[in-house]
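Content type mmCIF, C-alpha atoms, from the file protein-v7.cif:
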```cif
data_structure
#
loop_
_atom_site.label_atom_id
_atom_site.label_comp_id
_atom_site.auth_asym_id
_atom_site.auth_seq_id
_atom_site.Cartn_x
_atom_site.Cartn_y
_atom_site.Cartn_z
CA MET A 1030 60.80 4.48 0.03
CA TYR A 1031 63.68 5.23 -2.35
CA ILE A 1032 63.23 8.40 -4.43
CA ARG A 1033 65.15 8.61 -7.69
CA LEU A 1034 66.25 12.16 -8.48
CA PRO A 1035 67.59 13.37 -11.82
CA PRO A 1036 71.42 13.60 -11.76
CA GLU A 1037 71.34 17.37 -12.36
CA LEU A 1038 69.42 17.84 -9.09
CA TRP A 1039 71.99 15.79 -7.21
CA GLY A 1040 74.66 18.09 -8.58
CA LYS A 1041 72.73 21.17 -7.44
CA VAL A 1042 72.50 19.70 -3.94
CA ALA A 1043 76.28 19.20 -3.89
CA TYR A 1044 77.12 22.69 -5.15
CA ALA A 1045 74.69 24.25 -2.66
CA LEU A 1046 77.03 23.07 0.12
CA ARG A 1047 79.88 25.20 -1.29
CA LYS A 1048 79.44 28.90 -0.51
CA THR A 1049 80.21 30.90 -3.64
CA ASN A 1050 78.77 34.36 -2.97
CA ALA A 1051 81.16 37.23 -3.61
CA GLU A 1052 81.85 38.08 0.04
CA SER A 1053 82.59 34.43 0.83
CA LEU A 1054 85.05 34.25 -2.05
CA ARG A 1055 86.83 37.35 -0.72
CA ARG A 1056 87.10 36.29 2.93
CA LYS A 1057 86.63 32.52 3.24
CA THR A 1058 88.98 30.91 5.76
CA ARG A 1059 90.52 27.47 5.76
CA GLU A 1060 88.24 26.50 8.67
CA GLU A 1061 85.11 27.44 6.70
CA TRP A 1062 86.41 25.62 3.64
CA THR A 1063 87.20 22.50 5.70
CA SER A 1064 83.66 22.49 7.11
CA GLU A 1065 82.24 22.59 3.58
CA ASN A 1066 84.57 19.75 2.57
CA GLN A 1067 83.35 17.56 5.43
CA SER A 1068 79.75 17.96 4.25
CA LEU A 1069 80.71 17.19 0.66
CA LEU A 1070 82.78 14.15 1.67
CA ALA A 1071 79.81 12.81 3.63
CA LEU A 1072 77.71 13.30 0.51
CA CYS A 1073 80.26 11.36 -1.55
CA LEU A 1074 79.77 8.34 0.73
CA THR A 1075 75.99 8.39 0.36
CA SER A 1076 75.83 6.64 -3.01
CA LYS A 1077 77.73 6.16 -6.22
CA MET A 1078 75.47 8.67 -7.94
CA PHE A 1079 76.06 11.31 -5.27
CA ASN A 1080 79.79 10.61 -5.36
CA GLY A 1081 79.92 11.39 -9.07
CA GLU A 1082 78.07 14.67 -8.56
CA ALA A 1083 79.79 15.72 -5.31
CA VAL A 1084 83.42 15.29 -6.44
CA PRO A 1085 83.31 18.25 -8.88
CA ALA A 1086 81.84 20.43 -6.13
CA LEU A 1087 84.47 19.18 -3.67
CA TRP A 1088 87.30 20.12 -6.03
CA SER A 1089 85.72 23.35 -7.23
CA GLU A 1090 87.57 25.25 -4.50
CA VAL A 1091 90.92 24.67 -2.80
CA ILE A 1092 92.46 26.70 0.02
CA ILE A 1093 96.12 26.13 0.90
CA SER A 1094 97.04 28.11 4.01
CA ALA A 1095 99.27 28.09 7.08
CA LYS A 1096 100.49 30.43 9.81
CA VAL A 1097 104.21 31.22 9.84
CA ASP A 1098 105.55 27.68 9.28
CA LEU A 1099 106.25 27.10 5.59
CA ALA A 1100 106.68 23.37 6.23
CA VAL A 1101 103.01 23.18 7.18
CA LEU A 1102 102.07 24.98 3.97
CA ASP A 1103 104.27 22.57 2.00
CA ALA A 1104 102.69 19.56 3.72
CA ARG A 1105 99.23 20.80 2.76
CA ALA A 1106 100.13 21.73 -0.82
CA SER A 1107 101.99 18.54 -1.78
CA PRO A 1108 99.05 16.06 -1.56
CA ILE A 1109 96.86 18.47 -3.51
CA LEU A 1110 99.43 18.58 -6.30
CA ALA A 1111 99.67 14.78 -6.27
CA GLN A 1112 95.89 14.49 -6.72
CA LEU A 1113 95.84 17.10 -9.49
CA GLU A 1114 98.57 15.34 -11.47
CA GLN A 1115 96.99 11.88 -11.34
CA SER A 1116 96.30 10.87 -14.94
CA ASP A 1117 93.18 8.84 -14.09
CA PHE A 1118 91.26 11.83 -12.70
CA HIS A 1119 90.41 15.32 -13.89
CA TYR A 1120 90.37 17.22 -10.63
CA ALA A 1121 92.18 20.20 -12.16
CA THR A 1122 89.34 20.73 -14.63
CA TYR A 1123 86.90 21.07 -11.73
CA MET A 1124 88.90 23.75 -9.90
CA LYS A 1125 87.31 27.19 -10.18
CA ARG A 1126 88.68 28.90 -7.08
CA LEU A 1127 92.17 28.71 -5.56
CA SER A 1128 93.53 30.46 -2.46
CA ILE A 1129 97.18 30.42 -1.32
CA LEU A 1130 97.41 32.09 2.07
CA HIS A 1131 100.55 32.42 4.17
CA VAL A 1132 98.63 34.05 7.00
CA ASP A 1133 101.55 35.44 9.02
CA THR A 1134 102.46 37.90 6.27
CA ILE A 1135 98.93 39.31 6.21
CA HIS A 1136 99.40 40.72 9.71
CA GLY A 1137 102.97 41.97 9.39
CA ASP A 1138 106.57 41.13 8.72
CA HIS A 1139 108.05 38.18 10.56
CA TRP A 1140 111.33 38.42 12.42
CA PRO A 1141 113.68 36.68 12.05
CA PRO A 1142 112.93 36.43 8.30
CA ILE A 1143 111.45 33.13 7.16
CA VAL A 1144 113.78 31.14 4.92
CA PRO A 1145 112.08 30.19 1.61
CA LEU A 1146 111.45 26.52 0.78
CA PRO A 1147 112.32 25.85 -2.88
CA SER A 1148 110.20 22.69 -2.84
CA LEU A 1149 107.14 24.67 -1.71
CA THR A 1150 107.61 27.28 -4.41
CA SER A 1151 107.89 24.56 -7.04
CA THR A 1152 104.77 22.81 -5.73
CA LEU A 1153 102.68 25.98 -5.79
CA GLU A 1154 103.90 26.87 -9.28
CA ARG A 1155 102.86 23.43 -10.55
CA ILE A 1156 99.45 23.76 -8.92
CA LEU A 1157 98.92 27.13 -10.60
CA THR A 1158 100.00 25.71 -13.94
CA ALA A 1159 97.54 22.81 -13.66
CA CYS A 1160 94.51 24.97 -12.79
CA ARG A 1161 93.75 26.92 -15.94
CA ASN A 1162 89.95 27.01 -15.43
CA LEU A 1163 90.07 29.31 -12.41
CA ASP A 1164 87.54 32.12 -12.12
CA CYS A 1165 88.79 33.26 -8.68
CA LEU A 1166 92.41 33.45 -7.50
CA ARG A 1167 93.58 34.66 -4.06
CA ILE A 1168 97.26 34.84 -3.13
CA TYR A 1169 98.35 36.39 0.19
CA CYS A 1170 102.05 35.98 0.93
CA ASN A 1171 105.43 37.66 1.00
CA ASN A 1172 107.00 37.29 -2.42
CA ASP A 1173 110.45 37.15 -0.81
CA THR A 1174 109.33 34.11 1.19
CA ILE A 1175 107.17 32.45 -1.48
CA PRO A 1176 108.47 33.87 -4.79
CA ILE A 1177 105.70 32.80 -7.15
CA LEU A 1178 104.83 36.09 -8.87
CA ASN A 1179 107.36 35.55 -11.66
CA HIS A 1180 105.76 32.24 -12.57
CA LEU A 1181 102.25 33.63 -12.20
CA SER A 1182 103.05 36.31 -14.78
CA THR A 1183 103.69 33.58 -17.39
CA LEU A 1184 100.21 32.08 -17.00
CA ILE A 1185 96.87 33.01 -18.52
CA PHE A 1186 93.53 32.02 -17.00
CA PRO A 1187 90.90 32.63 -19.70
CA ARG A 1188 87.96 32.47 -17.25
CA LEU A 1189 89.45 34.53 -14.41
CA LYS A 1190 86.94 37.06 -12.99
CA MET A 1191 88.22 37.75 -9.47
CA LEU A 1192 91.86 38.39 -8.51
CA ARG A 1193 92.94 39.20 -4.94
CA LEU A 1194 96.67 39.70 -4.40
CA GLY A 1195 97.78 40.35 -0.83
CA ILE A 1196 101.40 40.78 -1.87
CA ARG A 1197 103.32 43.92 -1.01
CA LEU A 1198 104.43 45.53 -4.26
CA ASN A 1199 107.49 47.27 -2.87
CA ASN A 1200 109.63 47.57 -5.99
CA SER A 1201 109.26 48.38 -9.68
CA GLN A 1202 109.87 44.79 -10.77
CA LEU A 1203 106.89 43.47 -8.81
CA ASN A 1204 104.76 46.34 -10.10
CA ASP A 1205 105.71 45.44 -13.67
CA ILE A 1206 104.93 41.76 -13.13
CA VAL A 1207 101.48 42.50 -11.73
CA SER A 1208 100.68 45.10 -14.39
CA ASN A 1209 101.54 42.62 -17.16
CA PHE A 1210 99.31 40.00 -15.55
CA LEU A 1211 96.42 42.48 -15.41
CA LEU A 1212 96.87 43.40 -19.06
CA ALA A 1213 96.74 39.71 -19.99
CA HIS A 1214 93.36 39.31 -18.22
CA PRO A 1215 90.95 41.94 -19.58
CA GLY A 1216 87.94 39.88 -18.44
CA LEU A 1217 88.53 40.57 -14.75
CA LEU A 1218 85.50 41.97 -12.91
CA GLU A 1219 87.01 42.38 -9.43
CA VAL A 1220 90.62 43.13 -8.47
CA ARG A 1221 92.39 43.60 -5.17
CA LEU A 1222 96.08 44.60 -5.16
CA GLY A 1223 98.52 44.82 -2.28
CA GLU A 1224 100.11 47.98 -0.95
CA GLY A 1225 103.02 49.30 -2.92
CA THR A 1226 105.24 52.17 -3.90
CA GLY A 1227 105.70 54.09 -7.12
CA THR A 1228 103.30 55.52 -9.69
CA SER A 1229 105.08 55.32 -13.05
CA VAL A 1230 104.05 51.78 -13.97
CA TRP A 1231 100.38 52.52 -13.32
CA LYS A 1232 100.54 55.70 -15.42
CA ARG A 1233 102.11 53.73 -18.29
CA MET A 1234 99.32 51.16 -18.16
CA ARG A 1235 96.65 53.81 -18.73
CA GLU A 1236 97.27 53.94 -22.50
CA SER A 1237 96.46 50.21 -22.77
CA ASN A 1238 93.10 50.65 -21.02
CA PRO A 1239 93.55 47.76 -18.58
CA LEU A 1240 90.64 46.16 -16.73
CA PRO A 1241 87.92 47.47 -19.09
CA LEU A 1242 85.21 45.39 -17.36
CA VAL A 1243 86.19 45.72 -13.71
CA ASN A 1244 83.39 46.89 -11.41
CA ARG A 1245 85.13 46.58 -8.02
CA PHE A 1246 88.72 47.57 -7.23
CA GLU A 1247 90.70 47.52 -3.98
CA GLY A 1248 94.16 49.04 -3.86
CA THR A 1249 95.92 52.38 -3.48
CA LEU A 1250 95.14 55.81 -4.87
CA ALA A 1251 98.34 55.53 -6.92
CA GLN A 1252 97.08 52.33 -8.55
CA LEU A 1253 93.95 54.16 -9.70
CA LEU A 1254 96.23 55.95 -12.17
CA MET A 1255 95.91 52.91 -14.46
CA PHE A 1256 92.26 53.65 -15.26
CA SER A 1257 91.67 55.77 -18.35
CA GLN A 1258 87.94 55.27 -18.96
CA PRO A 1259 86.52 53.57 -15.85
CA LYS A 1260 82.98 53.23 -17.20
CA THR A 1261 82.10 50.03 -15.35
CA LEU A 1262 83.91 50.76 -12.07
CA CYS A 1263 81.38 51.40 -9.30
CA ILE A 1264 82.89 50.17 -5.99
CA LEU A 1265 86.27 51.28 -4.63
CA ARG A 1266 88.25 50.47 -1.50
CA VAL A 1267 91.44 52.51 -1.58
CA SER A 1268 94.20 53.63 0.74
CA ARG A 1269 96.38 56.69 0.49
CA SER A 1270 100.10 56.87 1.14
CA ASN A 1271 101.17 56.59 4.77
CA PRO A 1272 101.42 59.82 6.79
CA ARG A 1273 105.02 60.90 7.34
CA GLY A 1274 106.24 62.21 10.68
CA SER A 1275 104.51 65.31 11.95
CA HIS A 1276 103.81 66.72 8.47
CA ASP A 1277 100.30 67.91 7.70
CA SER A 1278 99.02 65.29 5.26
CA ARG A 1279 96.12 67.35 3.90
CA PRO A 1280 98.11 68.83 0.96
CA SER A 1281 99.34 65.31 0.13
CA ILE A 1282 95.78 63.95 0.14
CA ILE A 1283 94.66 66.68 -2.25
CA ARG A 1284 97.65 66.06 -4.56
CA GLN A 1285 96.98 62.31 -4.63
CA LEU A 1286 93.36 62.88 -5.61
CA ASN A 1287 94.07 65.68 -8.10
CA ARG A 1288 96.60 63.64 -10.07
CA LEU A 1289 93.99 61.02 -10.94
CA PRO A 1290 93.29 61.32 -14.68
CA ASN A 1291 89.51 61.59 -14.78
CA PRO A 1292 86.52 62.02 -12.52
CA PHE A 1293 85.31 58.54 -11.59
CA VAL A 1294 81.72 59.26 -12.58
CA GLY A 1295 80.56 55.65 -12.23
CA VAL A 1296 81.80 55.12 -8.67
CA THR A 1297 78.89 55.05 -6.23
CA HIS A 1298 80.54 53.41 -3.20
CA ILE A 1299 83.99 54.24 -1.84
CA THR A 1300 85.88 53.21 1.28
CA PHE A 1301 89.04 55.05 2.33
CA ALA A 1302 90.85 52.26 4.17
CA LEU A 1303 93.73 52.31 6.68
CA HIS A 1304 93.98 56.10 6.97
CA PRO A 1305 90.67 58.03 6.96
CA ILE A 1306 90.51 61.37 5.20
CA PRO A 1307 89.84 64.29 7.59
CA LEU A 1308 86.51 66.03 7.15
CA ASP A 1309 87.72 69.44 8.27
CA THR A 1310 88.34 71.67 5.23
CA LEU A 1311 86.37 72.71 2.17
CA ASP A 1312 89.39 72.02 -0.03
CA ILE A 1313 89.47 68.31 0.86
CA LEU A 1314 85.71 67.96 0.63
CA GLN A 1315 85.64 69.72 -2.74
CA THR A 1316 88.46 67.55 -4.08
CA VAL A 1317 86.68 64.34 -3.06
CA ALA A 1318 83.46 65.62 -4.65
CA ASP A 1319 85.24 66.55 -7.88
CA THR A 1320 86.96 63.15 -8.12
CA PHE A 1321 83.94 61.00 -7.22
CA PRO A 1322 80.86 63.11 -8.12
CA SER A 1323 78.32 60.24 -8.13
CA LEU A 1324 78.90 58.88 -4.63
CA VAL A 1325 75.99 57.26 -2.83
CA VAL A 1326 78.01 55.83 0.08
CA LEU A 1327 81.27 57.24 1.47
CA ASP A 1328 83.01 55.20 4.18
CA GLY A 1329 86.22 56.69 5.52
CA PHE A 1330 86.08 60.31 6.57
CA GLY A 1331 87.90 60.97 9.83
CA VAL A 1332 87.53 63.19 12.90
CA SER A 1333 90.44 65.55 13.40
CA ALA A 1334 90.98 68.39 15.87
CA ASP A 1335 89.28 70.77 13.42
CA PHE A 1336 86.24 68.59 12.63
CA ILE A 1337 83.79 70.15 15.09
CA GLU A 1338 84.80 73.72 14.25
CA PHE A 1339 84.47 73.02 10.53
CA ILE A 1340 81.02 71.45 10.82
CA GLN A 1341 79.65 74.06 13.23
CA HIS A 1342 81.20 77.28 11.95
CA GLY A 1343 83.56 76.75 9.03
CA ILE A 1344 81.13 75.74 6.30
CA LYS A 1345 80.88 78.39 3.62
CA ASN A 1346 79.60 78.12 0.05
CA VAL A 1347 77.55 75.12 1.13
CA LYS A 1348 75.56 75.05 -2.12
CA ARG A 1349 78.79 74.66 -4.06
CA ILE A 1350 79.57 71.42 -2.16
CA SER A 1351 76.10 69.93 -1.90
CA SER A 1352 75.55 70.36 -5.62
CA ARG A 1353 78.62 68.18 -6.26
CA LEU A 1354 77.44 65.23 -4.11
CA PRO A 1355 73.69 65.32 -4.66
CA LYS A 1356 73.30 61.53 -4.37
CA LEU A 1357 75.20 60.89 -1.13
CA ARG A 1358 72.93 58.89 1.17
CA GLY A 1359 75.34 57.01 3.44
CA LEU A 1360 78.36 58.27 5.40
CA VAL A 1361 80.77 56.66 7.89
CA ILE A 1362 83.13 58.83 9.96
CA TYR A 1363 85.90 57.37 12.15
CA GLU A 1364 87.61 58.61 15.29
CA MET A 1365 90.52 57.04 17.14
CA VAL A 1366 90.97 57.42 20.90
CA SER A 1367 94.59 56.69 21.81
CA ARG A 1368 95.91 54.99 24.92
CA THR A 1369 96.36 58.40 26.53
CA ILE A 1370 92.56 58.78 26.47
CA HIS A 1371 92.69 61.58 23.91
CA SER A 1372 91.37 61.44 20.38
CA ARG A 1373 94.01 61.18 17.72
CA TRP A 1374 94.30 61.91 14.03
CA GLU A 1375 97.58 60.68 12.59
CA PHE A 1376 100.28 62.20 14.86
CA TYR A 1377 98.10 64.82 16.56
CA GLU A 1378 96.11 64.38 19.76
CA PHE A 1379 93.15 66.51 20.83
CA GLN A 1380 90.36 66.57 23.40
CA THR A 1381 87.76 63.91 22.67
CA PRO A 1382 84.42 65.52 21.76
CA SER A 1383 81.48 64.60 23.96
CA GLU A 1384 78.65 62.44 22.66
CA MET A 1385 76.34 65.45 22.67
CA THR A 1386 78.85 67.51 20.68
CA MET A 1387 79.15 64.74 18.06
CA GLU A 1388 75.36 64.43 17.87
CA GLN A 1389 75.03 68.17 17.27
CA ALA A 1390 77.73 68.01 14.58
CA PHE A 1391 75.93 65.14 12.83
CA SER A 1392 72.70 67.14 12.85
CA ARG A 1393 74.47 69.72 10.67
CA LEU A 1394 75.72 67.22 8.07
CA LEU A 1395 72.52 67.72 6.08
CA ARG A 1396 73.77 71.21 5.24
CA LEU A 1397 76.60 69.57 3.33
CA PHE A 1398 74.76 66.51 2.04
CA PRO A 1399 71.03 67.20 1.65
CA ALA A 1400 70.26 63.68 0.34
CA LEU A 1401 71.86 62.01 3.38
CA ARG A 1402 69.72 59.27 4.93
CA GLU A 1403 72.16 57.50 7.27
CA ALA A 1404 75.44 58.48 8.95
CA LYS A 1405 77.57 56.57 11.41
CA HIS A 1406 80.24 57.70 13.85
CA VAL A 1407 82.70 54.93 14.76
CA ARG A 1408 84.89 55.72 17.77
CA LYS A 1409 87.67 53.18 18.45
CA TYR A 1410 89.18 53.07 21.96
CA LEU A 1411 92.64 51.49 21.76
CA ARG A 1412 93.12 51.30 25.52
CA GLU A 1413 89.88 49.44 26.30
CA GLU A 1414 89.77 47.61 22.94
CA ILE A 1415 86.19 48.62 22.36
CA VAL A 1416 84.28 50.42 19.63
CA ARG A 1417 81.39 52.77 20.32
CA GLU A 1418 79.10 53.59 17.43
CA MET A 1419 76.49 56.27 16.91
CA LYS A 1420 74.12 55.64 14.03
CA VAL A 1421 71.94 58.50 12.83
CA ILE A 1422 68.89 58.08 10.60
CA TYR A 1423 67.60 61.19 8.83
CA SER A 1424 63.98 61.44 7.74
CA LYS A 1425 61.19 63.95 7.31
CA LYS A 1426 60.23 63.31 10.93
CA GLY A 1427 63.64 64.38 12.17
CA MET A 1428 66.81 62.64 13.31
CA GLU A 1429 66.86 59.28 15.09
CA VAL A 1430 70.02 58.41 17.07
CA MET A 1431 71.04 54.87 18.04
CA ARG A 1432 74.13 53.95 20.02
CA GLY A 1433 75.95 50.68 20.53
CA GLU A 1434 79.19 49.21 21.81
CA ARG A 1435 81.27 46.15 20.88
CA ARG A 1436 84.68 44.75 21.62
CA THR A 1437 87.40 44.82 19.00
CA THR A 1438 88.83 41.45 20.09
CA ALA A 1439 87.11 38.10 20.49
#
```

Please express the file's structure as structure tokens.
Amino acid sequence: MYIRLPPELWGKVAYALRKTNAESLRRKTREEWTSENQSLLALCLTSKMFNGEAVPALWSEVIISAKVDLAVLDARASPILAQLEQSDFHYATYMKRLSILHVDTIHGDHWPPIVPLPSLTSTLERILTACRNLDCLRIYCNNDTIPILNHLSTLIFPRLKMLRLGIRLNNSQLNDIVSNFLLAHPGLLEVRLGEGTGTSVWKRMRESNPLPLVNRFEGTLAQLLMFSQPKTLCILRVSRSNPRGSHDSRPSIIRQLNRLPNPFVGVTHITFALHPIPLDTLDILQTVADTFPSLVVLDGFGVSADFIEFIQHGIKNVKRISSRLPKLRGLVIYEMVSRTIHSRWEFYEFQTPSEMTMEQAFSRLLRLFPALREAKHVRKYLREEIVREMKVIYSKKGMEVMRGERRTTA
């Protein structure tokens, strides 16, 4: 028996096949996108009615990606541009999410350098120009290989809510281009910027109050200098400057945090990516607490040679610290075991603490963070390519410890 459904329900069926949750938009791969496309194409062939409803969902998201070979990227981008520029269709009006991913440059520099393809750059620029209804834009590439930032800075996307740029901002010109783009898009809710150098451009932006609505930001501590009144900002994923040689980086960490203009009172979740911050001195702990006083979850403290001594014997003025982070309920602490089978923090190696020693140290964390409910110790073994985790749950009944192990490679 044939059941006639209202057209709006057919459209909901089609859009349900396209994953649009926030995490999917941040991480979706070409393989996942292709699988969604296959389901939507099958739906298009079901009936004329379904075809009309499925086509907008099919074109609502486009991912153009390739590994290393720019010719492959060009071959995938060109037919998309041809479809977008057909006068008989309106595919560009359907596009809400666009990803341009040159995957090789996500994992590191390529040698010998990849020679740019002018035709590819032109194609990508024309695609960007055609898609003015985007609400999500991801671009991961090397701007020397695919120089599209200059053109991107001339465009305005009135509906843009999520921007993720995996482009290394290694000179003042690129910083200026990106800062101008941010200022032209005050409606952004989530922003991810690539690693970079320099602080002056971000300081200059502060007077213009960029990103007044953003609630999630991923970037560097230096890039946080742009925020003057971060009232809506609640989730951060930030990295500090790279450690240099055998220098003690603790003073640098404190300086980087202290130069931020205001306490980020709205931030409840923070991740210190790439280089964890050592939990081994009151000065560092106090600085983190002063900068982010409302933290509920902190992911990114690190185990150094002084961690155990600090937790067991070095804590003084505990009330002064705990009163600054009264809401902290979740904590993740990392430890790296080098190929020499010793733990390592930056350029320093030390004897790996035993599991019992780490468990005893975690039992004392409540002295620092009385509201703590869950803490995790993540120990990464580079030699064996495994990760061992200890998860601790704190309750009125005591402390429950769970351990697990997983491989770091598939």

Inset, instruction - Fewer than 2 positions away in the same chain doesn't count, so skip those; otherwise give me all residues within 12 Å of segment 1063-1080 of chain A, counting all atoms listed in the file, as a PyMOL selection string. - result: chain A and resi 1033-1049+1057-1061+1082-1094

Inset, instruction - Could you give me, as a ChimeraX atom specification, the residues that sit within 12 Å of (64.1, 66.3, 7.5) in the file's coordinates, counting only C-alpha atoms? - result: /A:1392-1396,1398-1403,1422-1429

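Around segment 1261-1266 of chain A, within 7 Å and counting all atoms listed in the file, the residues found are Leu1242, Val1243, Asn1244, Arg1245, Phe1246, Glu1247, Gly1248, Gly1295, Val1296, Thr1297, His1298, Ile1299, Thr1300, Phe1301 and Ala1302 of chain A, once anything fewer than 6 positions away on its own chain is removed.
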
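Using all atoms listed in the file, the shortest contact distance between Arg1432 of chain A and any of A:Lys1125, A:Lys1405, A:Ser1053, A:Ile1415 is found at A:Lys1405.
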
Inset, instruction - Using the chain letters and numbering of this document, enumerate as an NGL selection string the residues selected by the PyMOL selection byres ((chain A and resi 1318) around 10). - result: :A and (1292 or 1312-1317 or 1319-1324 or 1350-1355)

Can you list, as a JSON list (two decimals) with C-alpha atoms, in the frame of the given file, every protein, DNA or RNA residue that comes within 6 Å of segment 1222-1226 of chain A when you count only C-alpha atoms, leaving out same-chain residues fewer than 5 positions away?
```json
[["chain", "number", "residue", "atom", "x", "y", "z"],
["A", 1194, "LEU", "CA", 96.67, 39.70, -4.40],
["A", 1195, "GLY", "CA", 97.78, 40.35, -0.83],
["A", 1196, "ILE", "CA", 101.40, 40.78, -1.87],
["A", 1197, "ARG", "CA", 103.32, 43.92, -1.01],
["A", 1198, "LEU", "CA", 104.43, 45.53, -4.26],
["A", 1199, "ASN", "CA", 107.49, 47.27, -2.87],
["A", 1248, "GLY", "CA", 94.16, 49.04, -3.86]]
```

Inset, instruction - I would like the residues chosen by the PyMOL selection byres ((chain A and resi 1310) around 10) on the shown file; could you give them as a PyMOL selection string? - result: chain A and resi 1279+1307-1309+1311-1315+1335-1336+1338-1340+1343-1344

Residue selection dump (C-alpha atoms) as a short mmCIF file (atom, residue, chain, number, x, y, z; two decimals), in the frame of the given file:
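That gives us result-v1.cif:
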```cif
data_model
loop_
_atom_site.label_atom_id
_atom_site.label_comp_id
_atom_site.auth_asym_id
_atom_site.auth_seq_id
_atom_site.Cartn_x
_atom_site.Cartn_y
_atom_site.Cartn_z
CA ARG A 1279 96.12 67.35 3.90
CA PRO A 1307 89.84 64.29 7.59
CA LEU A 1308 86.51 66.03 7.15
CA ASP A 1309 87.72 69.44 8.27
CA LEU A 1311 86.37 72.71 2.17
CA ASP A 1312 89.39 72.02 -0.03
CA ILE A 1313 89.47 68.31 0.86
CA LEU A 1314 85.71 67.96 0.63
CA GLN A 1315 85.64 69.72 -2.74
CA ASP A 1335 89.28 70.77 13.42
CA PHE A 1336 86.24 68.59 12.63
CA GLU A 1338 84.80 73.72 14.25
CA PHE A 1339 84.47 73.02 10.53
CA ILE A 1340 81.02 71.45 10.82
CA GLY A 1343 83.56 76.75 9.03
CA ILE A 1344 81.13 75.74 6.30
#
```

Legend entry - Nearby residues (all atoms listed in the file) at most 10 Å from Met1234 of chain A, same-chain spacing under 4 positions excluded, as a PyMOL selection string: chain A and resi 1205+1208-1209+1211-1212+1229-1230+1238-1239+1252+1254-1257

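Rounded to one decimal, atom CA of Pro1290 of chain A and atom CA of Arg1235 of chain A lie 9.2 Å from each other.
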
Inset, instruction - Give the answer as one residue: which of A:Met1124, A:Ile1362, A:Ile1109, A:Ile1168 has the shortest atom-to-atom distance to Arg1155 of chain A, using only C-alpha atoms? - result: A:Ile1109

Legend entry - Contacts of Met1365 of chain A at 8 Å (all atoms listed in the file; same-chain gap of 4+ positions) as a PyMOL selection string: chain A and resi 1372-1374+1408-1411

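Minimum atom-to-atom distances from A:Arg1358, A:Leu1184, A:Ile1177, A:Gly1216 to Leu1203 of chain A were compared using all atoms listed in the file, and the lowest value belongs to A:Ile1177.
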
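For the atom pair formed by atom CA of Phe1118 of chain A and atom CA of Thr1183 of chain A, the distance is 25.5 Å, given to one decimal.
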
Inset, instruction - Name the residues that the PyMOL selection byres ((chain A and resi 1170) around 6) pulls out of this structure, and write them as a VMD selection string. - result: chain A and resid 1131 1134 1169 1171 1196
